[in-house]
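Okay, structure first, notes after.
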Amino acid sequence: MDQDLARRHMEGMCSAADNLLRQLVSEGLDYTLTASGGTATTLHLRVRGLTPETEERITQCLNGIGATLQIEGAEDRKDA
């Protein structure tokens, strides 16, 4: 796979994840999202104020998207 196709695939996965997480965002979810891995995409979410319940809901929202999830807490600062 060429690099441009891999980049576009990861951008598409991030867009899909953002769309699937809209409800949680409306409830106050604050996160950053990056992707790596090309077609074997891993979505990396850094979530401010991460709780086990929030992690479970994120996992349920993104289950079946076709990517590996890496969810971790982020500092509760806007510049983190």
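We name chains A, B, ... following the order of the structure tokens; residues begin at 1 in each chain, and ligands are numbered from 1 as shown.
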Can you tell me which residues surround Thr39 (chain A) at a distance of at most 12 Å, considering only C-alpha atoms, apart from same-chain residues fewer than 2 positions away, and format the answer as a PyMOL selection string? chain A and resi 1-13+35-37+41-43+66-68
Would you pick out the contacts of Leu24 (chain A) at 9 Å or less, using only C-alpha atoms, so that residues sharing its chain but fewer than 3 positions from it are not included, and give the list as a VMD selection string? chain A and resid 20 to 21 27 to 30 54 57 to 58
Selected residue, from A:Arg22, A:Ile65, A:Leu33, A:Gly73, that lies nearest to Pro52 (chain A) when counting only C-alpha atoms: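 When distances to Pro52 (chain A) are compared using only C-alpha atoms, the smallest one comes from A:Gly73.
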DSSP alpha helix (DSSP H) selection over chain A, as an MDAnalysis selection string: chainID A and resid 3:20 22:26 52:62
What does the file look like for those residues with C-alpha atoms, as a short mmCIF file (atom, residue, chain, number, x, y, z; two decimals), in the first residue's frame?
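Saved as out_2.cif:
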```cif
data_model
loop_
_atom_site.label_atom_id
_atom_site.label_comp_id
_atom_site.auth_asym_id
_atom_site.auth_seq_id
_atom_site.Cartn_x
_atom_site.Cartn_y
_atom_site.Cartn_z
CA GLN A 3 1.87 6.00 1.85
CA ASP A 4 -0.87 8.30 0.58
CA LEU A 5 -3.46 5.52 0.65
CA ALA A 6 -2.39 4.54 4.19
CA ARG A 7 -2.64 8.19 5.30
CA ARG A 8 -6.11 8.56 3.79
CA HIS A 9 -7.23 5.30 5.41
CA MET A 10 -6.11 6.50 8.85
CA GLU A 11 -7.80 9.89 8.30
CA GLY A 12 -11.01 8.07 7.38
CA MET A 13 -10.79 5.93 10.52
CA CYS A 14 -10.35 9.07 12.66
CA SER A 15 -13.35 10.73 10.98
CA ALA A 16 -15.48 7.64 11.55
CA ALA A 17 -14.42 7.47 15.21
CA ASP A 18 -15.20 11.17 15.71
CA ASN A 19 -18.68 10.64 14.27
CA LEU A 20 -19.32 7.60 16.46
CA ARG A 22 -20.50 12.53 18.98
CA GLN A 23 -23.02 11.54 21.66
CA LEU A 24 -20.28 11.21 24.28
CA VAL A 25 -18.84 14.57 23.22
CA SER A 26 -22.28 16.14 23.74
CA PRO A 52 -13.64 3.09 33.80
CA GLU A 53 -17.25 3.88 32.80
CA THR A 54 -16.12 6.35 30.15
CA GLU A 55 -13.56 3.89 28.79
CA GLU A 56 -16.27 1.21 28.56
CA ARG A 57 -18.62 3.55 26.70
CA ILE A 58 -15.88 4.57 24.26
CA THR A 59 -15.08 0.91 23.65
CA GLN A 60 -18.75 0.14 23.03
CA CYS A 61 -19.05 3.06 20.58
CA LEU A 62 -15.98 2.05 18.58
#
```
Have a look at CA of Gly64 (chain A) and CA of Arg48 (chain A) and let me know their distance in Å, one decimal.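 Distance reported for this atom pair: 23.6 Å.
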